[in-house]
Amino acid sequence: MLHEPAASSGPDNASDYKTQLGIIMFIGYLLIYAGFVVINIVNPVLMEKIVFCGLNLAVVYGFGLIIFALLLALVYNAMCNKREFDYNEPEDKGGK
Amino acid sequence: MQMLPIILFVVFVGAVLGLSFYFARRTQSAKGYFAAGGNIHWAVNGIAFAGDYLSAASFLGICGMIAVVGYDGFLYSIGYLAGWIVALFVVAEPMKRMGKYTFADALDAKFNSKGIQLVAAISTLVVSILYLIPQMVGAGVLVTPLLGLPHHVGVMMVGAIVITIVATAGMASTTYVQFLKGSLLIVFSIVLCISLFNRGLTTEPDQGGRVPFYKYETIKAEVVGDKIVPLDKMAKNLRQIEYRGKTFVKLQRKDTQNWWYKTVSEEGDVLLWESQSEVKQSDKRIIINGSPISKDNQLRQVGNLEKIRGKTGEEAKTGRLSPFEFLANFANKDTVIRRWENSSFEDGQDKVTVFYPILTPGNKIMRPGLKFKVQGTPLEKLDFVSLMLALFFGTAALPHILIRYYTVRTPADARKSTIVAIAAIGLFYVLTLFMGLGAMSSGVVNVTSSNMSAPLLAKSFGVFIFSAISAIAFATVLGTVSGLIVAASGAVAHDLLDRFSGALKSDKHKVLAGKIAAFSVGLIAIVLGIIFKGMNVSFLVGWAFAVAASANLPAIMMILFWKKTTAAGVVASIIVGIISSLGLILVSPSMYVRYGLDPATAPIPFSNPGIVSIPLSFLTLYFVSLMTQKKKS
């Protein structure tokens, strides 16, 4: 067959939830990322402002985007795991 | 030629090949070859993701760019990492559920369309080849100083090793190669940063006592008529040239003739800054800083802090620093960095390149603006926006990344892999800022190529670390190139020969076709890596991201989320995405420089096509899909 996955996976009743959650989190992150881009083109000098422990806004915002991505990913994973546990049959939790 | 780097190099490559042959015995089926049997553990896959993703552009290119222009290089780190958000939240799970071996399979899962199979395979090939070029160029850049071999030999060596790895075991061995590479890269980068913090900052870096600090001079001058006359009686103006708004003066001073760079201070003083120069004479002789090139007369490595928080000399030395203190010193407005830029012009029959210093305050270094003109015209700002867009949307559309989703068992494992990847990659990108700034301030920047900044920074801490980092950087190239070749060979063997043309009947034939395709693509990569010698690696990777974001991502996202997507819409959007992004790149100011033309005459004012080609591709898919809806009976 042409369109089978490399490994078989059972039905996923949490799929719609995970997709919606992913979109919401993506939009949330996109807004923060867009904020970074907008500040740089509208008021780039603001990025020089020292905001934390001698670090300027550019560094704090840049590091923040990286750390925020990871935190968001961890929250997403936790919420998806819970949903999969609640909604899928035992052999589908984690899938085969 | 030093032996330690060579020994480390040989040991490392031997280990990589050994892994490859070990896993080769376990690869019998097409499933095993293309998607590692679906049995890679998610944590291993996550680090392998990182190893795959952190290519020569990340390690060499970003650190090099930060070393030369400061924070603007870090924008690539931010954008590259942010792209994983699209990969995880939008693409990861749906793609795993849809596909079999390749990106084209995922796109075609719904339609079984010959058109999609063809254009998706072509798109995979185009993006993979664009991404391959900077890796092979990076290989030449690394091997030349390490082993003393010419660029093309380095490229051929990488090509031969990678073809061996990929043709023997496909995805399985590339996964473990990339796991190894990713782990070592991150561990080593941490070691280098800790070394930097322990050393601290100084205005007179001497690479741990290995290379005496060279203090460049500045002399005052006056303008008499239209001639610049140095006030230093030992200096005489031999020649002066105006080029694109800059003035360079060739001075006879002491025993040498060299080019100096003229500026005017805020107080109105005319200043001449000692520079470096490379003159290629019409009789093919090369003159460096006024004397013929030789083993003892080469362009000097540069980069130092002129002032640290307003202080110079002994008073300025910081001693050991914490990571925050390290960055805070750079961001201080009373810190001044001596950066270097260059201009090339003709002086009679000679081709002259002058590498001149520019003193830049720390607060300007540590925010965007030196490379991307965020304070420029609206069109210049658009270039910055376009870059951030392409980086953000390009990651999820890279075929050699997407294919890795199929190497784990379940959608949940694909998710976890991506999270591990984000953590590893995020950590590495934070470290790039420290390594880049470290190189900027340690007197290790090569004025002709910033790509070597990270390895040369390591060299300033000793030969062993330099050897290790060079071997790891080489493995970086090995890992990325092997992943790209697997993706490209999958496109040729699986998508074009098997699904599109139906030419392959058995699993055995499919595996053989994959290996022949890997060999052929490897050969192409070798040739291109030689042809594109000297090109900036980050710039080339930017091409790949822009084309991926334009050609692949609209199709992926619309298939996942818009039920009215049709096969014709997908085909049209991929074609439009490839043509528009590549076309815009080829007529951009950056390419005009490469053609030898004045970039101001380029038909478009920006170098990053994403802001045009990505929306264009989305719109094409939307409208063509609406026009080709199947009528309900």
# chains A, B, ... in the order shown; residues from 1 in each chain; ligands from 1
>>> residues_around(residues="Leu478 in chain B", least_positions_apart="2", cutoff="8 Å", atoms="only C-alpha atoms", output="compact mmCIF listing (two decimals) with N, CA, C and O atoms, in the first residue's frame")
# COMPACT_ATOMS: atom_id res chain seq x y z
N VAL B 158 34.67 14.85 2.13
CA VAL B 158 33.36 14.83 2.79
C VAL B 158 32.37 14.06 1.94
O VAL B 158 31.62 13.21 2.43
N ILE B 161 33.01 10.23 2.08
CA ILE B 161 32.65 9.64 3.38
C ILE B 161 31.14 9.56 3.52
O ILE B 161 30.58 8.54 3.94
N VAL B 162 30.47 10.63 3.18
CA VAL B 162 29.01 10.66 3.34
C VAL B 162 28.34 9.66 2.41
O VAL B 162 27.39 8.97 2.81
N PHE B 474 33.62 19.17 11.52
CA PHE B 474 33.62 18.29 10.36
C PHE B 474 32.48 17.29 10.46
O PHE B 474 31.79 17.01 9.48
N ALA B 475 32.26 16.75 11.65
CA ALA B 475 31.14 15.84 11.87
C ALA B 475 29.82 16.56 11.65
O ALA B 475 28.84 15.98 11.19
N THR B 476 29.78 17.85 12.01
CA THR B 476 28.59 18.66 11.75
C THR B 476 28.25 18.61 10.27
O THR B 476 27.11 18.40 9.89
N THR B 480 24.87 16.63 8.64
CA THR B 480 23.87 17.36 7.86
C THR B 480 23.85 16.88 6.42
O THR B 480 22.78 16.67 5.83
N VAL B 481 25.02 16.70 5.83
CA VAL B 481 25.07 16.27 4.44
C VAL B 481 24.43 14.90 4.29
O VAL B 481 23.70 14.64 3.33
N SER B 482 24.68 13.99 5.23
CA SER B 482 24.10 12.65 5.10
C SER B 482 22.58 12.71 5.21
O SER B 482 21.88 12.05 4.44
>>> residues_around(residues="Phe345 in chain B", least_positions_apart="5", cutoff="9 Å", atoms="only C-alpha atoms", output="NGL selection string")
:B and (241 or 243 or 350-354)
>>> write_last_selection(atoms="C-alpha atoms", output="CSV table (one decimal), in the first residue's frame")
chain,number,residue,atom,x,y,z
B,241,ILE,CA,40.8,56.9,-3.7
B,243,TYR,CA,35.0,54.6,-3.4
B,350,ASP,CA,45.8,46.4,-9.3
B,351,LYS,CA,42.8,45.0,-7.4
B,352,VAL,CA,42.9,46.3,-3.9
B,353,THR,CA,40.9,45.1,-0.9
B,354,VAL,CA,41.2,47.3,2.2
>>> residues_around(residues="Lys254 in chain B", least_positions_apart="4", cutoff="12 Å", atoms="only C-alpha atoms", output="PyMOL selection string")
chain B and resi 232-236+258+290
>>> write_last_selection(atoms="C-alpha atoms", output="mmCIF file, in the first residue's frame")
data_model
loop_
_atom_site.group_PDB
_atom_site.id
_atom_site.type_symbol
_atom_site.label_atom_id
_atom_site.label_comp_id
_atom_site.auth_asym_id
_atom_site.auth_seq_id
_atom_site.Cartn_x
_atom_site.Cartn_y
_atom_site.Cartn_z
ATOM 1 C CA ASP B 232 52.523 62.776 11.151
ATOM 2 C CA LYS B 233 55.742 63.955 9.519
ATOM 3 C CA MET B 234 56.870 60.381 8.910
ATOM 4 C CA ALA B 235 53.835 59.721 6.695
ATOM 5 C CA LYS B 236 53.358 60.781 3.102
ATOM 6 C CA ASN B 258 49.832 50.633 3.126
ATOM 7 C CA GLY B 290 52.663 46.522 1.767
#
>>> select_by_dssp(residues="chain A", states="alpha helix (DSSP H)", output="PyMOL selection string")
chain A and resi 15-42+57-87
>>> select_by_dssp(residues="range 13-90 of chain A", states="strand (DSSP E)", output="PyMOL selection string")
chain A and resi 50-52+55-56
>>> atom_distance(atom1="CA of Pro368 in chain B", atom2="CA of Leu192 in chain B")
25.0 Å
>>> closest_residue(among="A:Ala73, A:Gly64, A:Val45, A:Cys80", to="Tyr33 in chain A", atoms="only C-alpha atoms")
A:Gly64
>>> closest_residue(among="A:Ile39, A:Ala78, A:Ile23, A:Leu31", to="chain B", atoms="only C-alpha atoms")
A:Ile23
>>> atom_distance(atom1="CA of Asn446 in chain B", atom2="CA of Asp296 in chain B")
15.7 Å
>>> atom_distance(atom1="CA of Thr448 in chain B", atom2="CA of Cys193 in chain B")
24.5 Å
>>> closest_atom_pairs(of="range 3-88 of chain A", to="range 310-325 of chain B", cutoff="9 Å", atoms="only C-alpha atoms", output="Markdown table")
| residue | atom | partner | partner_atom | distance |
| --- | --- | --- | --- | --- |
| A:Cys53 | CA | B:Phe324 | CA | 6.9 |
| A:Gly54 | CA | B:Glu325 | CA | 7.2 |
| A:Leu55 | CA | B:Phe324 | CA | 7.0 |
>>> residues_around(residues="range 499-508 of chain B", least_positions_apart="2", cutoff="7 Å", atoms="only C-alpha atoms", output="PyMOL selection string")
chain B and resi 29-30+114+117-118+494-497+510-512
>>> write_last_selection(atoms="N, CA and C atoms", output="mmCIF file, in the first residue's frame")
data_model
loop_
_atom_site.group_PDB
_atom_site.id
_atom_site.type_symbol
_atom_site.label_atom_id
_atom_site.label_comp_id
_atom_site.auth_asym_id
_atom_site.auth_seq_id
_atom_site.Cartn_x
_atom_site.Cartn_y
_atom_site.Cartn_z
ATOM 1 N N SER B 29 15.100 -3.656 4.342
ATOM 2 C CA SER B 29 13.915 -3.247 3.592
ATOM 3 C C SER B 29 13.939 -1.771 3.276
ATOM 4 N N ALA B 30 13.036 -1.405 2.399
ATOM 5 C CA ALA B 30 12.877 0.014 2.070
ATOM 6 C C ALA B 30 12.499 0.798 3.314
ATOM 7 N N LYS B 114 -0.203 12.271 -9.566
ATOM 8 C CA LYS B 114 1.112 12.227 -10.222
ATOM 9 C C LYS B 114 1.769 13.608 -10.182
ATOM 10 N N GLN B 117 3.268 14.206 -6.768
ATOM 11 C CA GLN B 117 4.467 13.376 -6.582
ATOM 12 C C GLN B 117 5.664 13.995 -7.289
ATOM 13 N N LEU B 118 5.420 14.485 -8.503
ATOM 14 C CA LEU B 118 6.519 15.049 -9.286
ATOM 15 C C LEU B 118 7.040 16.347 -8.674
ATOM 16 N N HIS B 494 12.221 6.910 -4.237
ATOM 17 C CA HIS B 494 10.874 6.559 -3.789
ATOM 18 C C HIS B 494 9.803 7.365 -4.519
ATOM 19 N N ASP B 495 9.970 8.677 -4.568
ATOM 20 C CA ASP B 495 8.914 9.518 -5.130
ATOM 21 C C ASP B 495 8.895 9.488 -6.651
ATOM 22 N N LEU B 496 10.065 9.659 -7.269
ATOM 23 C CA LEU B 496 10.071 9.743 -8.727
ATOM 24 C C LEU B 496 10.066 8.359 -9.396
ATOM 25 N N LEU B 497 11.003 7.510 -9.011
ATOM 26 C CA LEU B 497 11.116 6.225 -9.700
ATOM 27 C C LEU B 497 10.031 5.242 -9.302
ATOM 28 N N LYS B 510 13.933 -1.095 -4.710
ATOM 29 C CA LYS B 510 13.780 0.239 -4.119
ATOM 30 C C LYS B 510 15.016 0.613 -3.297
ATOM 31 N N VAL B 511 15.510 -0.347 -2.537
ATOM 32 C CA VAL B 511 16.697 -0.059 -1.723
ATOM 33 C C VAL B 511 17.891 0.225 -2.625
ATOM 34 N N LEU B 512 18.029 -0.581 -3.686
ATOM 35 C CA LEU B 512 19.144 -0.380 -4.614
ATOM 36 C C LEU B 512 19.039 0.988 -5.280
#
>>> closest_residue(among="B:Tyr356, B:Phe618, B:Trp42, B:Phe623", to="chain A", atoms="only C-alpha atoms")
B:Trp42
>>> decode(residues="range 551-572 of chain B", atoms="N, CA, C and O atoms", output="PDB file, in the first residue's frame")
ATOM      1  N   ALA B 551       7.882  27.121  -1.111  1.00  0.00           N
ATOM      2  CA  ALA B 551       7.408  26.001  -1.914  1.00  0.00           C
ATOM      3  C   ALA B 551       6.656  24.956  -1.086  1.00  0.00           C
ATOM      4  O   ALA B 551       5.612  24.455  -1.512  1.00  0.00           O
ATOM      5  N   ASN B 552       7.185  24.616   0.073  1.00  0.00           N
ATOM      6  CA  ASN B 552       6.658  23.465   0.806  1.00  0.00           C
ATOM      7  C   ASN B 552       5.609  23.820   1.847  1.00  0.00           C
ATOM      8  O   ASN B 552       4.620  23.111   2.008  1.00  0.00           O
ATOM      9  N   LEU B 553       5.882  24.866   2.599  1.00  0.00           N
ATOM     10  CA  LEU B 553       5.025  25.103   3.766  1.00  0.00           C
ATOM     11  C   LEU B 553       3.577  25.433   3.428  1.00  0.00           C
ATOM     12  O   LEU B 553       2.665  24.904   4.074  1.00  0.00           O
ATOM     13  N   PRO B 554       3.312  26.285   2.437  1.00  0.00           N
ATOM     14  CA  PRO B 554       1.893  26.539   2.119  1.00  0.00           C
ATOM     15  C   PRO B 554       1.143  25.247   1.796  1.00  0.00           C
ATOM     16  O   PRO B 554       0.027  25.033   2.275  1.00  0.00           O
ATOM     17  N   ALA B 555       1.795  24.358   1.029  1.00  0.00           N
ATOM     18  CA  ALA B 555       1.147  23.099   0.673  1.00  0.00           C
ATOM     19  C   ALA B 555       0.880  22.249   1.909  1.00  0.00           C
ATOM     20  O   ALA B 555      -0.217  21.716   2.104  1.00  0.00           O
ATOM     21  N   ILE B 556       1.873  22.137   2.776  1.00  0.00           N
ATOM     22  CA  ILE B 556       1.712  21.330   3.989  1.00  0.00           C
ATOM     23  C   ILE B 556       0.574  21.873   4.838  1.00  0.00           C
ATOM     24  O   ILE B 556      -0.320  21.151   5.274  1.00  0.00           O
ATOM     25  N   MET B 557       0.601  23.159   5.095  1.00  0.00           N
ATOM     26  CA  MET B 557      -0.368  23.734   6.028  1.00  0.00           C
ATOM     27  C   MET B 557      -1.780  23.698   5.466  1.00  0.00           C
ATOM     28  O   MET B 557      -2.733  23.395   6.180  1.00  0.00           O
ATOM     29  N   MET B 558      -1.919  23.987   4.198  1.00  0.00           N
ATOM     30  CA  MET B 558      -3.265  24.011   3.635  1.00  0.00           C
ATOM     31  C   MET B 558      -3.836  22.601   3.534  1.00  0.00           C
ATOM     32  O   MET B 558      -5.036  22.393   3.744  1.00  0.00           O
ATOM     33  N   ILE B 559      -3.020  21.617   3.238  1.00  0.00           N
ATOM     34  CA  ILE B 559      -3.526  20.239   3.207  1.00  0.00           C
ATOM     35  C   ILE B 559      -3.990  19.812   4.593  1.00  0.00           C
ATOM     36  O   ILE B 559      -4.996  19.121   4.751  1.00  0.00           O
ATOM     37  N   LEU B 560      -3.251  20.234   5.607  1.00  0.00           N
ATOM     38  CA  LEU B 560      -3.607  19.846   6.968  1.00  0.00           C
ATOM     39  C   LEU B 560      -4.872  20.548   7.452  1.00  0.00           C
ATOM     40  O   LEU B 560      -5.643  19.973   8.225  1.00  0.00           O
ATOM     41  N   PHE B 561      -5.087  21.790   7.011  1.00  0.00           N
ATOM     42  CA  PHE B 561      -6.116  22.583   7.677  1.00  0.00           C
ATOM     43  C   PHE B 561      -7.231  23.127   6.786  1.00  0.00           C
ATOM     44  O   PHE B 561      -8.181  23.725   7.285  1.00  0.00           O
ATOM     45  N   TRP B 562      -7.137  22.947   5.491  1.00  0.00           N
ATOM     46  CA  TRP B 562      -8.191  23.477   4.626  1.00  0.00           C
ATOM     47  C   TRP B 562      -8.715  22.371   3.738  1.00  0.00           C
ATOM     48  O   TRP B 562      -8.017  21.876   2.858  1.00  0.00           O
ATOM     49  N   LYS B 563      -9.962  22.010   3.956  1.00  0.00           N
ATOM     50  CA  LYS B 563     -10.525  20.839   3.268  1.00  0.00           C
ATOM     51  C   LYS B 563     -10.692  21.067   1.777  1.00  0.00           C
ATOM     52  O   LYS B 563     -10.815  20.097   1.020  1.00  0.00           O
ATOM     53  N   LYS B 564     -10.714  22.321   1.350  1.00  0.00           N
ATOM     54  CA  LYS B 564     -10.947  22.582  -0.079  1.00  0.00           C
ATOM     55  C   LYS B 564      -9.654  22.541  -0.898  1.00  0.00           C
ATOM     56  O   LYS B 564      -9.669  22.803  -2.100  1.00  0.00           O
ATOM     57  N   THR B 565      -8.561  22.215  -0.272  1.00  0.00           N
ATOM     58  CA  THR B 565      -7.308  22.105  -1.018  1.00  0.00           C
ATOM     59  C   THR B 565      -7.426  21.012  -2.071  1.00  0.00           C
ATOM     60  O   THR B 565      -7.905  19.916  -1.789  1.00  0.00           O
ATOM     61  N   THR B 566      -6.977  21.330  -3.282  1.00  0.00           N
ATOM     62  CA  THR B 566      -6.999  20.333  -4.350  1.00  0.00           C
ATOM     63  C   THR B 566      -5.574  20.010  -4.794  1.00  0.00           C
ATOM     64  O   THR B 566      -4.635  20.752  -4.498  1.00  0.00           O
ATOM     65  N   ALA B 567      -5.460  18.928  -5.534  1.00  0.00           N
ATOM     66  CA  ALA B 567      -4.147  18.530  -6.037  1.00  0.00           C
ATOM     67  C   ALA B 567      -3.572  19.609  -6.949  1.00  0.00           C
ATOM     68  O   ALA B 567      -2.382  19.938  -6.885  1.00  0.00           O
ATOM     69  N   ALA B 568      -4.429  20.163  -7.793  1.00  0.00           N
ATOM     70  CA  ALA B 568      -3.965  21.219  -8.705  1.00  0.00           C
ATOM     71  C   ALA B 568      -3.460  22.427  -7.931  1.00  0.00           C
ATOM     72  O   ALA B 568      -2.454  23.050  -8.298  1.00  0.00           O
ATOM     73  N   GLY B 569      -4.145  22.756  -6.843  1.00  0.00           N
ATOM     74  CA  GLY B 569      -3.720  23.886  -6.017  1.00  0.00           C
ATOM     75  C   GLY B 569      -2.347  23.634  -5.412  1.00  0.00           C
ATOM     76  O   GLY B 569      -1.491  24.522  -5.388  1.00  0.00           O
ATOM     77  N   VAL B 570      -2.133  22.411  -4.936  1.00  0.00           N
ATOM     78  CA  VAL B 570      -0.837  22.061  -4.339  1.00  0.00           C
ATOM     79  C   VAL B 570       0.274  22.153  -5.384  1.00  0.00           C
ATOM     80  O   VAL B 570       1.334  22.742  -5.142  1.00  0.00           O
ATOM     81  N   VAL B 571       0.008  21.563  -6.543  1.00  0.00           N
ATOM     82  CA  VAL B 571       1.019  21.581  -7.608  1.00  0.00           C
ATOM     83  C   VAL B 571       1.366  23.021  -7.987  1.00  0.00           C
ATOM     84  O   VAL B 571       2.536  23.400  -8.079  1.00  0.00           O
ATOM     85  N   ALA B 572       0.341  23.817  -8.194  1.00  0.00           N
ATOM     86  CA  ALA B 572       0.578  25.210  -8.606  1.00  0.00           C
ATOM     87  C   ALA B 572       1.349  25.976  -7.537  1.00  0.00           C
ATOM     88  O   ALA B 572       2.269  26.743  -7.835  1.00  0.00           O
TER      89      ALA B 572
END
